[in-house]
$ cat entry-v7.cif   # mmCIF, C-alpha atoms and all ligand atoms
data_target
#
loop_
_atom_site.group_PDB
_atom_site.id
_atom_site.type_symbol
_atom_site.label_atom_id
_atom_site.label_comp_id
_atom_site.auth_asym_id
_atom_site.auth_seq_id
_atom_site.Cartn_x
_atom_site.Cartn_y
_atom_site.Cartn_z
ATOM 1 C CA MET S 1 21.724 54.986 2.648
ATOM 2 C CA THR S 2 20.809 52.360 5.216
ATOM 3 C CA SER S 3 21.483 51.290 8.736
ATOM 4 C CA THR S 4 22.519 47.838 7.510
ATOM 5 C CA PRO S 5 25.765 46.814 9.252
ATOM 6 C CA TRP S 6 27.529 46.114 5.951
ATOM 7 C CA GLN S 7 30.842 45.454 7.699
ATOM 8 C CA ASP S 8 29.229 42.292 9.132
ATOM 9 C CA ARG S 9 28.060 41.087 5.726
ATOM 10 C CA SER S 10 29.743 38.559 3.460
ATOM 11 C CA VAL S 11 28.745 38.934 -0.178
ATOM 12 C CA VAL S 12 29.229 36.748 -3.273
ATOM 13 C CA VAL S 13 28.897 38.417 -6.680
ATOM 14 C CA THR S 14 28.932 36.134 -9.730
ATOM 15 C CA GLY S 15 30.178 37.761 -12.907
ATOM 16 C CA GLY S 16 31.934 40.426 -10.855
ATOM 17 C CA THR S 17 34.869 40.951 -13.191
ATOM 18 C CA ARG S 18 33.227 43.706 -15.232
ATOM 19 C CA GLY S 19 30.053 45.552 -16.051
ATOM 20 C CA ILE S 20 27.141 45.398 -13.644
ATOM 21 C CA GLY S 21 28.733 42.734 -11.438
ATOM 22 C CA ARG S 22 31.869 44.780 -10.907
ATOM 23 C CA ALA S 23 29.746 47.781 -9.894
ATOM 24 C CA ILE S 24 27.782 45.601 -7.460
ATOM 25 C CA ALA S 25 31.044 44.358 -5.922
ATOM 26 C CA GLU S 26 32.234 47.955 -5.622
ATOM 27 C CA PHE S 27 28.974 49.035 -3.958
ATOM 28 C CA PHE S 28 29.430 46.501 -1.160
ATOM 29 C CA ALA S 29 33.205 46.965 -0.859
ATOM 30 C CA ARG S 30 32.776 50.729 -0.365
ATOM 31 C CA ARG S 31 30.390 50.072 2.513
ATOM 32 C CA GLY S 32 32.729 47.683 4.301
ATOM 33 C CA ALA S 33 31.275 44.286 3.393
ATOM 34 C CA ALA S 34 33.581 41.356 2.624
ATOM 35 C CA VAL S 35 33.158 40.552 -1.069
ATOM 36 C CA LEU S 36 34.015 37.455 -3.085
ATOM 37 C CA LEU S 37 33.602 38.118 -6.811
ATOM 38 C CA THR S 38 33.820 35.541 -9.562
ATOM 39 C CA GLY S 39 34.765 35.301 -13.226
ATOM 40 C CA ARG S 40 35.609 32.328 -15.413
ATOM 41 C CA ASP S 41 39.331 32.988 -15.198
ATOM 42 C CA ALA S 42 40.563 32.822 -11.583
ATOM 43 C CA ALA S 43 43.660 34.960 -12.163
ATOM 44 C CA ALA S 44 41.616 37.670 -13.910
ATOM 45 C CA ALA S 45 39.049 37.615 -11.099
ATOM 46 C CA ARG S 46 41.800 38.000 -8.494
ATOM 47 C CA GLU S 47 43.253 40.922 -10.446
ATOM 48 C CA VAL S 48 39.892 42.731 -10.621
ATOM 49 C CA ALA S 49 39.370 42.070 -6.912
ATOM 50 C CA ALA S 50 42.787 43.503 -6.038
ATOM 51 C CA GLY S 51 42.008 46.599 -8.125
ATOM 52 C CA LEU S 52 38.667 47.093 -6.363
ATOM 53 C CA ALA S 53 40.215 46.549 -2.944
ATOM 54 C CA GLY S 54 42.814 49.195 -3.766
ATOM 55 C CA ALA S 55 40.247 51.660 -5.105
ATOM 56 C CA THR S 56 37.771 51.256 -2.242
ATOM 57 C CA GLY S 57 39.978 50.312 0.704
ATOM 58 C CA GLY S 58 37.540 47.401 1.090
ATOM 59 C CA ARG S 59 37.821 43.650 1.483
ATOM 60 C CA VAL S 60 37.506 42.081 -1.969
ATOM 61 C CA ALA S 61 38.698 38.656 -3.130
ATOM 62 C CA GLY S 62 38.311 37.025 -6.519
ATOM 63 C CA THR S 63 37.933 33.417 -7.585
ATOM 64 C CA GLY S 64 37.265 31.341 -10.697
ATOM 65 C CA LEU S 65 33.765 30.138 -11.541
ATOM 66 C CA ASP S 66 32.164 28.819 -14.690
ATOM 67 C CA LEU S 67 28.467 28.641 -13.878
ATOM 68 C CA ARG S 68 28.053 25.630 -16.147
ATOM 69 C CA ASP S 69 29.997 23.599 -13.571
ATOM 70 C CA ALA S 70 27.698 22.675 -10.649
ATOM 71 C CA GLY S 71 30.618 21.512 -8.489
ATOM 72 C CA ALA S 72 32.451 24.799 -8.970
ATOM 73 C CA VAL S 73 29.378 26.739 -7.850
ATOM 74 C CA GLU S 74 29.250 24.748 -4.598
ATOM 75 C CA GLU S 75 32.959 25.428 -4.094
ATOM 76 C CA VAL S 76 32.453 29.214 -4.369
ATOM 77 C CA ALA S 77 29.794 29.166 -1.641
ATOM 78 C CA ALA S 78 32.126 27.106 0.553
ATOM 79 C CA GLU S 79 35.017 29.471 -0.142
ATOM 80 C CA ALA S 80 32.993 32.535 0.907
ATOM 81 C CA GLU S 81 32.018 30.853 4.154
ATOM 82 C CA ARG S 82 35.596 29.681 4.753
ATOM 83 C CA ARG S 83 37.077 33.138 4.104
ATOM 84 C CA HIS S 84 34.547 35.252 5.974
ATOM 85 C CA GLY S 85 33.021 32.843 8.474
ATOM 86 C CA HIS S 86 29.542 33.264 7.024
ATOM 87 C CA LEU S 87 27.684 34.115 3.797
ATOM 88 C CA ASP S 88 24.848 36.630 3.865
ATOM 89 C CA VAL S 89 24.290 37.978 0.357
ATOM 90 C CA LEU S 90 24.336 36.341 -3.080
ATOM 91 C CA CYS S 91 24.174 38.506 -6.192
ATOM 92 C CA ALA S 92 23.541 35.974 -8.957
ATOM 93 C CA ASN S 93 24.512 38.364 -11.701
ATOM 94 C CA ALA S 94 26.658 36.584 -14.298
ATOM 95 C CA GLY S 95 25.053 36.211 -17.685
ATOM 96 C CA ILE S 96 25.681 36.109 -21.406
ATOM 97 C CA PHE S 97 23.706 37.735 -24.200
ATOM 98 C CA PRO S 98 24.897 36.556 -27.631
ATOM 99 C CA GLU S 99 22.622 37.657 -30.486
ATOM 100 C CA LYS S 100 21.189 34.808 -32.566
ATOM 101 C CA PRO S 101 18.200 35.056 -34.897
ATOM 102 C CA LEU S 102 15.786 32.164 -34.426
ATOM 103 C CA ARG S 103 16.333 30.687 -37.880
ATOM 104 C CA GLU S 104 20.102 30.445 -37.243
ATOM 105 C CA MET S 105 19.818 29.222 -33.666
ATOM 106 C CA THR S 106 21.309 25.802 -32.948
ATOM 107 C CA ALA S 107 20.423 23.480 -30.083
ATOM 108 C CA ALA S 108 23.871 24.236 -28.661
ATOM 109 C CA ASP S 109 23.125 27.996 -28.658
ATOM 110 C CA ILE S 110 19.963 27.357 -26.638
ATOM 111 C CA ASP S 111 21.707 24.983 -24.231
ATOM 112 C CA ASP S 112 24.540 27.430 -23.659
ATOM 113 C CA ILE S 113 22.415 30.442 -22.778
ATOM 114 C CA LEU S 114 20.080 28.457 -20.546
ATOM 115 C CA ALA S 115 23.046 26.755 -18.850
ATOM 116 C CA VAL S 116 24.694 30.035 -17.874
ATOM 117 C CA ASN S 117 21.746 32.388 -17.314
ATOM 118 C CA LEU S 118 19.020 30.120 -15.963
ATOM 119 C CA ARG S 119 20.566 26.867 -14.725
ATOM 120 C CA GLY S 120 23.590 28.830 -13.464
ATOM 121 C CA SER S 121 21.395 31.154 -11.390
ATOM 122 C CA ILE S 122 19.520 28.225 -9.896
ATOM 123 C CA LEU S 123 22.778 26.427 -9.081
ATOM 124 C CA ALA S 124 24.164 29.553 -7.418
ATOM 125 C CA VAL S 125 21.088 30.023 -5.228
ATOM 126 C CA ARG S 126 20.978 26.329 -4.334
ATOM 127 C CA ALA S 127 24.668 26.376 -3.396
ATOM 128 C CA CYS S 128 24.486 29.517 -1.228
ATOM 129 C CA LEU S 129 21.240 28.879 0.650
ATOM 130 C CA PRO S 130 22.606 26.381 3.226
ATOM 131 C CA ALA S 131 25.279 28.877 4.296
ATOM 132 C CA MET S 132 22.615 31.583 4.691
ATOM 133 C CA GLU S 133 20.522 29.213 6.768
ATOM 134 C CA ARG S 134 23.558 28.691 9.010
ATOM 135 C CA ALA S 135 24.120 32.476 9.171
ATOM 136 C CA GLY S 136 20.468 32.972 10.108
ATOM 137 C CA HIS S 137 20.365 35.759 7.556
ATOM 138 C CA GLY S 138 20.159 35.983 3.802
ATOM 139 C CA ARG S 139 19.561 38.204 0.804
ATOM 140 C CA ILE S 140 19.580 36.843 -2.729
ATOM 141 C CA VAL S 141 19.350 39.210 -5.690
ATOM 142 C CA LEU S 142 19.207 37.881 -9.241
ATOM 143 C CA THR S 143 20.144 40.029 -12.220
ATOM 144 C CA SER S 144 17.387 39.358 -14.741
ATOM 145 C CA SER S 145 16.511 41.815 -17.532
ATOM 146 C CA ILE S 146 13.614 43.735 -19.058
ATOM 147 C CA THR S 147 14.202 41.506 -22.132
ATOM 148 C CA GLY S 148 12.009 38.448 -21.677
ATOM 149 C CA PRO S 149 10.107 39.353 -18.504
ATOM 150 C CA THR S 150 8.742 42.629 -19.955
ATOM 151 C CA THR S 151 9.849 43.137 -23.564
ATOM 152 C CA GLY S 152 10.958 41.158 -26.595
ATOM 153 C CA TYR S 153 13.873 41.794 -28.930
ATOM 154 C CA SER S 154 14.528 40.108 -32.292
ATOM 155 C CA GLY S 155 17.734 38.107 -32.084
ATOM 156 C CA TRP S 156 17.511 37.608 -28.348
ATOM 157 C CA SER S 157 14.538 35.259 -27.965
ATOM 158 C CA HIS S 158 16.638 32.552 -26.266
ATOM 159 C CA TYR S 159 18.091 35.198 -23.956
ATOM 160 C CA GLY S 160 14.581 36.467 -23.152
ATOM 161 C CA ALA S 161 13.528 32.916 -22.307
ATOM 162 C CA SER S 162 16.470 32.537 -19.930
ATOM 163 C CA LYS S 163 15.722 35.854 -18.198
ATOM 164 C CA ALA S 164 11.970 35.207 -17.882
ATOM 165 C CA GLY S 165 12.848 31.732 -16.598
ATOM 166 C CA GLN S 166 14.857 33.304 -13.796
ATOM 167 C CA LEU S 167 11.676 35.003 -12.583
ATOM 168 C CA GLY S 168 9.654 31.792 -12.609
ATOM 169 C CA PHE S 169 12.404 30.288 -10.502
ATOM 170 C CA LEU S 170 12.521 33.335 -8.221
ATOM 171 C CA ARG S 171 8.869 33.101 -7.237
ATOM 172 C CA GLY S 172 9.107 29.501 -6.049
ATOM 173 C CA ALA S 173 12.578 29.950 -4.597
ATOM 174 C CA SER S 174 11.490 32.929 -2.518
ATOM 175 C CA LEU S 175 8.962 30.801 -0.624
ATOM 176 C CA GLU S 176 11.203 28.021 0.652
ATOM 177 C CA PRO S 177 13.601 30.122 2.780
ATOM 178 C CA ALA S 178 10.994 32.773 3.698
ATOM 179 C CA PRO S 179 10.317 31.310 7.174
ATOM 180 C CA LEU S 180 13.988 31.999 7.973
ATOM 181 C CA GLY S 181 13.751 35.633 6.878
ATOM 182 C CA ILE S 182 15.856 34.984 3.768
ATOM 183 C CA THR S 183 14.628 37.012 0.787
ATOM 184 C CA VAL S 184 14.975 36.357 -2.947
ATOM 185 C CA ASN S 185 14.390 39.227 -5.389
ATOM 186 C CA ALA S 186 15.526 40.333 -8.823
ATOM 187 C CA VAL S 187 16.573 43.494 -10.607
ATOM 188 C CA LEU S 188 15.521 43.972 -14.226
ATOM 189 C CA PRO S 189 18.056 46.249 -15.907
ATOM 190 C CA GLY S 190 17.245 47.999 -19.147
ATOM 191 C CA ASN S 191 20.165 48.959 -21.382
ATOM 192 C CA VAL S 192 23.218 49.496 -19.226
ATOM 193 C CA ARG S 193 26.529 50.666 -20.651
ATOM 194 C CA THR S 194 28.807 47.702 -19.887
ATOM 195 C CA GLU S 195 31.622 46.015 -21.770
ATOM 196 C CA GLY S 196 29.111 43.352 -22.821
ATOM 197 C CA LEU S 197 26.617 45.892 -24.178
ATOM 198 C CA GLU S 198 29.288 47.949 -25.916
ATOM 199 C CA GLY S 199 30.122 44.793 -27.896
ATOM 200 C CA LEU S 200 26.749 45.231 -29.650
ATOM 201 C CA GLY S 201 28.048 48.334 -31.454
ATOM 202 C CA GLU S 202 27.520 52.120 -31.541
ATOM 203 C CA ASP S 203 24.425 51.835 -33.718
ATOM 204 C CA TYR S 204 22.673 49.660 -31.133
ATOM 205 C CA LEU S 205 23.722 51.959 -28.283
ATOM 206 C CA ARG S 206 22.440 55.060 -30.111
ATOM 207 C CA LYS S 207 19.073 53.457 -30.883
ATOM 208 C CA MET S 208 18.676 52.291 -27.311
ATOM 209 C CA ALA S 209 19.569 55.646 -25.747
ATOM 210 C CA ALA S 210 16.926 57.249 -27.993
ATOM 211 C CA SER S 211 14.237 54.914 -26.586
ATOM 212 C CA ILE S 212 14.880 55.748 -22.942
ATOM 213 C CA PRO S 213 12.674 58.509 -21.473
ATOM 214 C CA LEU S 214 15.406 59.572 -19.036
ATOM 215 C CA GLY S 215 17.560 60.245 -22.090
ATOM 216 C CA ARG S 216 20.590 58.089 -21.439
ATOM 217 C CA LEU S 217 21.763 54.521 -21.157
ATOM 218 C CA GLY S 218 21.991 53.129 -17.640
ATOM 219 C CA GLU S 219 25.284 52.987 -15.803
ATOM 220 C CA PRO S 220 26.363 49.846 -13.909
ATOM 221 C CA ALA S 221 26.171 51.848 -10.653
ATOM 222 C CA ASP S 222 22.451 52.546 -11.300
ATOM 223 C CA VAL S 223 21.804 48.802 -11.079
ATOM 224 C CA ALA S 224 24.186 48.331 -8.146
ATOM 225 C CA GLN S 225 22.176 50.846 -6.080
ATOM 226 C CA ALA S 226 18.995 48.839 -6.637
ATOM 227 C CA VAL S 227 20.770 45.587 -5.771
ATOM 228 C CA GLY S 228 22.164 47.231 -2.639
ATOM 229 C CA PHE S 229 18.683 48.236 -1.528
ATOM 230 C CA LEU S 230 17.282 44.725 -2.022
ATOM 231 C CA ALA S 231 20.258 43.337 -0.075
ATOM 232 C CA SER S 232 19.788 45.765 2.821
ATOM 233 C CA ASP S 233 18.075 45.139 6.150
ATOM 234 C CA GLU S 234 15.503 47.766 5.170
ATOM 235 C CA ALA S 235 14.256 45.508 2.346
ATOM 236 C CA GLY S 236 13.535 42.685 4.795
ATOM 237 C CA PHE S 237 9.786 42.564 4.042
ATOM 238 C CA ILE S 238 10.253 42.370 0.258
ATOM 239 C CA THR S 239 10.579 38.947 -1.325
ATOM 240 C CA GLY S 240 9.714 37.283 -4.637
ATOM 241 C CA GLN S 241 9.693 40.732 -6.295
ATOM 242 C CA THR S 242 11.324 42.509 -9.197
ATOM 243 C CA LEU S 243 12.742 46.018 -9.451
ATOM 244 C CA THR S 244 13.065 47.458 -12.952
ATOM 245 C CA VAL S 245 16.037 49.779 -13.508
ATOM 246 C CA ASP S 246 15.581 51.000 -17.070
ATOM 247 C CA GLY S 247 15.256 54.805 -17.152
ATOM 248 C CA GLY S 248 11.584 54.353 -18.050
ATOM 249 C CA GLN S 249 12.328 52.391 -21.221
ATOM 250 C CA THR S 250 9.423 49.974 -20.757
ATOM 251 C CA ILE S 251 6.861 52.713 -20.105
ATOM 252 C CA PRO S 252 6.034 54.477 -23.441
ATOM 253 C CA GLU S 253 3.127 53.048 -25.437
ATOM 254 C CA SER S 254 4.750 54.276 -28.639
ATOM 255 C CA LEU S 255 7.883 56.143 -29.666
ATOM 256 C CA ASP S 256 5.677 59.236 -30.123
ATOM 257 C CA ALA S 257 5.011 59.108 -26.398
ATOM 258 C CA LEU S 258 8.658 59.983 -25.839
ATOM 259 C CA THR S 259 8.198 63.520 -27.168
ATOM 260 C CA PRO S 260 5.701 65.997 -25.732
ATOM 261 C CA ALA S 261 2.490 66.067 -27.778
ATOM 262 C CA ALA S 262 1.792 69.226 -29.785
ATOM 263 C CA VAL S 263 -1.146 71.135 -28.246
HETATM 264 P P1 LIG H 1 29.254 41.669 -19.125
HETATM 265 O O1 LIG H 1 29.875 43.018 -19.080
HETATM 266 O O2 LIG H 1 29.363 40.873 -20.379
HETATM 267 O O3 LIG H 1 29.810 40.796 -17.899
HETATM 268 C C1 LIG H 1 29.330 39.478 -17.737
HETATM 269 C C2 LIG H 1 29.936 38.843 -16.506
HETATM 270 O O4 LIG H 1 29.495 37.471 -16.450
HETATM 271 C C3 LIG H 1 31.438 38.840 -16.520
HETATM 272 O O5 LIG H 1 31.906 39.099 -15.218
HETATM 273 C C4 LIG H 1 31.768 37.421 -16.947
HETATM 274 O O6 LIG H 1 32.989 37.027 -16.363
HETATM 275 C C5 LIG H 1 30.631 36.610 -16.362
HETATM 276 N N1 LIG H 1 30.393 35.364 -17.096
HETATM 277 C C6 LIG H 1 30.182 35.202 -18.425
HETATM 278 N N2 LIG H 1 30.009 33.904 -18.725
HETATM 279 C C7 LIG H 1 30.106 33.228 -17.550
HETATM 280 C C8 LIG H 1 30.020 31.862 -17.196
HETATM 281 N N3 LIG H 1 29.830 30.874 -18.109
HETATM 282 N N4 LIG H 1 30.184 31.510 -15.898
HETATM 283 C C9 LIG H 1 30.405 32.452 -14.962
HETATM 284 N N5 LIG H 1 30.503 33.775 -15.228
HETATM 285 C C10 LIG H 1 30.355 34.151 -16.506
HETATM 286 O O7 LIG H 1 27.704 41.726 -18.775
HETATM 287 P P2 LIG H 1 26.804 42.852 -18.086
HETATM 288 O O8 LIG H 1 26.306 43.723 -19.157
HETATM 289 O O9 LIG H 1 27.489 43.411 -16.919
HETATM 290 O O10 LIG H 1 25.586 41.929 -17.611
HETATM 291 C C11 LIG H 1 25.545 41.380 -16.297
HETATM 292 C C12 LIG H 1 24.168 40.780 -16.081
HETATM 293 O O11 LIG H 1 23.192 41.792 -16.304
HETATM 294 C C13 LIG H 1 23.824 39.637 -17.036
HETATM 295 O O12 LIG H 1 23.080 38.664 -16.337
HETATM 296 C C14 LIG H 1 22.966 40.303 -18.095
HETATM 297 O O13 LIG H 1 22.084 39.410 -18.710
HETATM 298 C C15 LIG H 1 22.236 41.326 -17.242
HETATM 299 N N6 LIG H 1 21.717 42.463 -18.010
HETATM 300 C C16 LIG H 1 22.574 43.346 -18.626
HETATM 301 C C17 LIG H 1 22.048 44.417 -19.323
HETATM 302 C C18 LIG H 1 22.915 45.453 -19.990
HETATM 303 O O14 LIG H 1 22.369 46.337 -20.668
HETATM 304 N N7 LIG H 1 24.219 45.439 -19.852
HETATM 305 C C19 LIG H 1 20.659 44.576 -19.432
HETATM 306 C C20 LIG H 1 19.824 43.660 -18.806
HETATM 307 C C21 LIG H 1 20.363 42.609 -18.086
HETATM 308 P P3 LIG H 1 34.275 36.509 -17.194
HETATM 309 O O15 LIG H 1 34.138 36.953 -18.615
HETATM 310 O O16 LIG H 1 35.402 37.145 -16.445
HETATM 311 O O17 LIG H 1 34.188 35.042 -17.042
#
$ encode --input "entry-v7.cif" --output "structure tokens"
Amino acid sequence: MTSTPWQDRSVVVTGGTRGIGRAIAEFFARRGAAVLLTGRDAAAAREVAAGLAGATGGRVAGTGLDLRDAGAVEEVAAEAERRHGHLDVLCANAGIFPEKPLREMTAADIDDILAVNLRGSILAVRACLPAMERAGHGRIVLTSSITGPTTGYSGWSHYGASKAGQLGFLRGASLEPAPLGITVNAVLPGNVRTEGLEGLGEDYLRKMAASIPLGRLGEPADVAQAVGFLASDEAGFITGQTLTVDGGQTIPESLDALTPAAV
């Protein structure tokens, strides 16, 4: 796909134990990069990493990280640099998406989603940037969403706020390291068939698949390919930008637009 020397790259993937994050970790491992993936449970993260290393023949390690803990985020960046000698790519991917209608939403629900999705992303970028400055190279890719930045969904207004917030952060954050050639971009997945999404039930999945012009839900690997591009050398002149990966879901003006008009 690219001439990027992936074998020289050290990559951190937050939320790499399943779903989109696991596919991102696999993308880099297959190309020879050294990957450190995280999940809240260190033993589970190590187990996923060992499985990926076995499946890809790549270099994959796992470690524990709860993004609500600022100190732990700093420790992950330090661990990547310690293990691999440098840190070149951060995929700030971990996120939660609990459904909560506005009238039932508590202050704790709001705090929790913002702490993981928004504050957690900012903490991860802040923690990894110094290592990238030392490496003289850096690619940061946030996993945002179509929900919030582009669309709205009843029951996920706090989630949408956290995901739109990531993009406000991204624009400012892309400017500070730009003189060093470090880029900060985001992918905006639509509905991607992950363990997290499957938790929303068959009914939800059926409805979503029916609203996607390309006729299917996304696969985690669809998002990983986009992340891989933004992390490549070839994407070196792209920063502060978003790449939507949604099978065209945000394009139709109405559901009628999904079927060819009668002539
Ligand atoms: P998922 O299958 O539920 O996986 C979420 C990942 O985040 C897991 O690896 C989980 O690790 C980690 N995580 C959860 N809470 C965490 C915390 N407090 N601290 C650190 N890590 C935590 O989710 P997914 O569907 O792959 O989604 C991944 C990202 O894509 C999220 O940011 C989500 O908002 C975004 N996204 C997903 C979709 C979709 O359709 N699936 C669409 C748009 C955007 P452990 O459980 O092992 O701790």
$ closest_residue --input "entry-v7.cif" --among "S:Asp88, S:Glu79, S:Asp109, S:Asp233" --to "S:Gly155" --atoms "all atoms listed in the file"
S:Asp109
$ residues_near_ligand --input "entry-v7.cif" --ligand "ligand LIG 1 (chain H)" --cutoff "7 Å" --atoms "all atoms listed in the file" --output "VMD selection string"
chain S and resid 14 to 21 38 to 41 44 to 45 65 to 68 93 to 97 116 to 117 143 to 147 188 to 197
$ atom_distance --input "entry-v7.cif" --atom1 "atom CA of S:Gly248" --atom2 "atom CA of S:Ile110"
29.5 Å
$ closest_residue --input "entry-v7.cif" --among "S:Ala173, S:Ile113, S:Leu36, S:Val13" --to "S:Gly240" --atoms "all atoms listed in the file"
S:Ala173
$ residues_around --input "entry-v7.cif" --residues "S:Met105" --least-positions-apart "6" --cutoff "10 Å" --atoms "all atoms listed in the file" --output "number ranges by chain"
S: 99, 155, 157-158
$ atom_distance --input "entry-v7.cif" --atom1 "atom CA of S:His86" --atom2 "atom CA of S:Gln241"
25.0 Å
$ resolve_selection --input "entry-v7.cif" --expression "the PyMOL selection byres (((chain S and resi 26) around 12) and not hetatm)" --output "MDAnalysis selection string"
chainID S and resid 11:13 16:25 27:37 48:61 220:221 223:225 227:228
$ closest_residue --input "entry-v7.cif" --among "S:Ala78, S:Ala164, S:Ser154, S:His137" --to "S:Pro177" --atoms "only C-alpha atoms"
S:His137
$ residues_around --input "entry-v7.cif" --residues "S:Thr242" --least-positions-apart "2" --cutoff "7 Å" --atoms "only C-alpha atoms" --output "PyMOL selection string"
chain S and resi 185-188+244
$ atom_distance --input "entry-v7.cif" --atom1 "atom CA of S:Ala124" --atom2 "atom CA of S:Glu75"
10.3 Å
$ closest_residue --input "entry-v7.cif" --among "S:Ala161, S:Ile182, S:Asp222, S:Leu175" --to "S:Val141" --atoms "all atoms listed in the file"
S:Ile182
$ closest_residue --input "entry-v7.cif" --among "S:Val89, S:Arg134, S:Ile251, S:Gly148" --to "S:Trp6" --atoms "all atoms listed in the file"
S:Val89
$ axis_aligned_box --input "entry-v7.cif" --around "stretch 178-181 of chain S" --padding-each-side "3 Å" --output "JSON"
{"center_x": 12.2, "center_y": 33.5, "center_z": 5.8, "size_x": 9.7, "size_y": 10.3, "size_z": 10.3}
$ resolve_selection --input "entry-v7.cif" --expression "the PyMOL selection byres (((chain S and resi 213) around 12) and not hetatm)" --output "ChimeraX atom specification"
/S:190,208-212,214-218,246-260
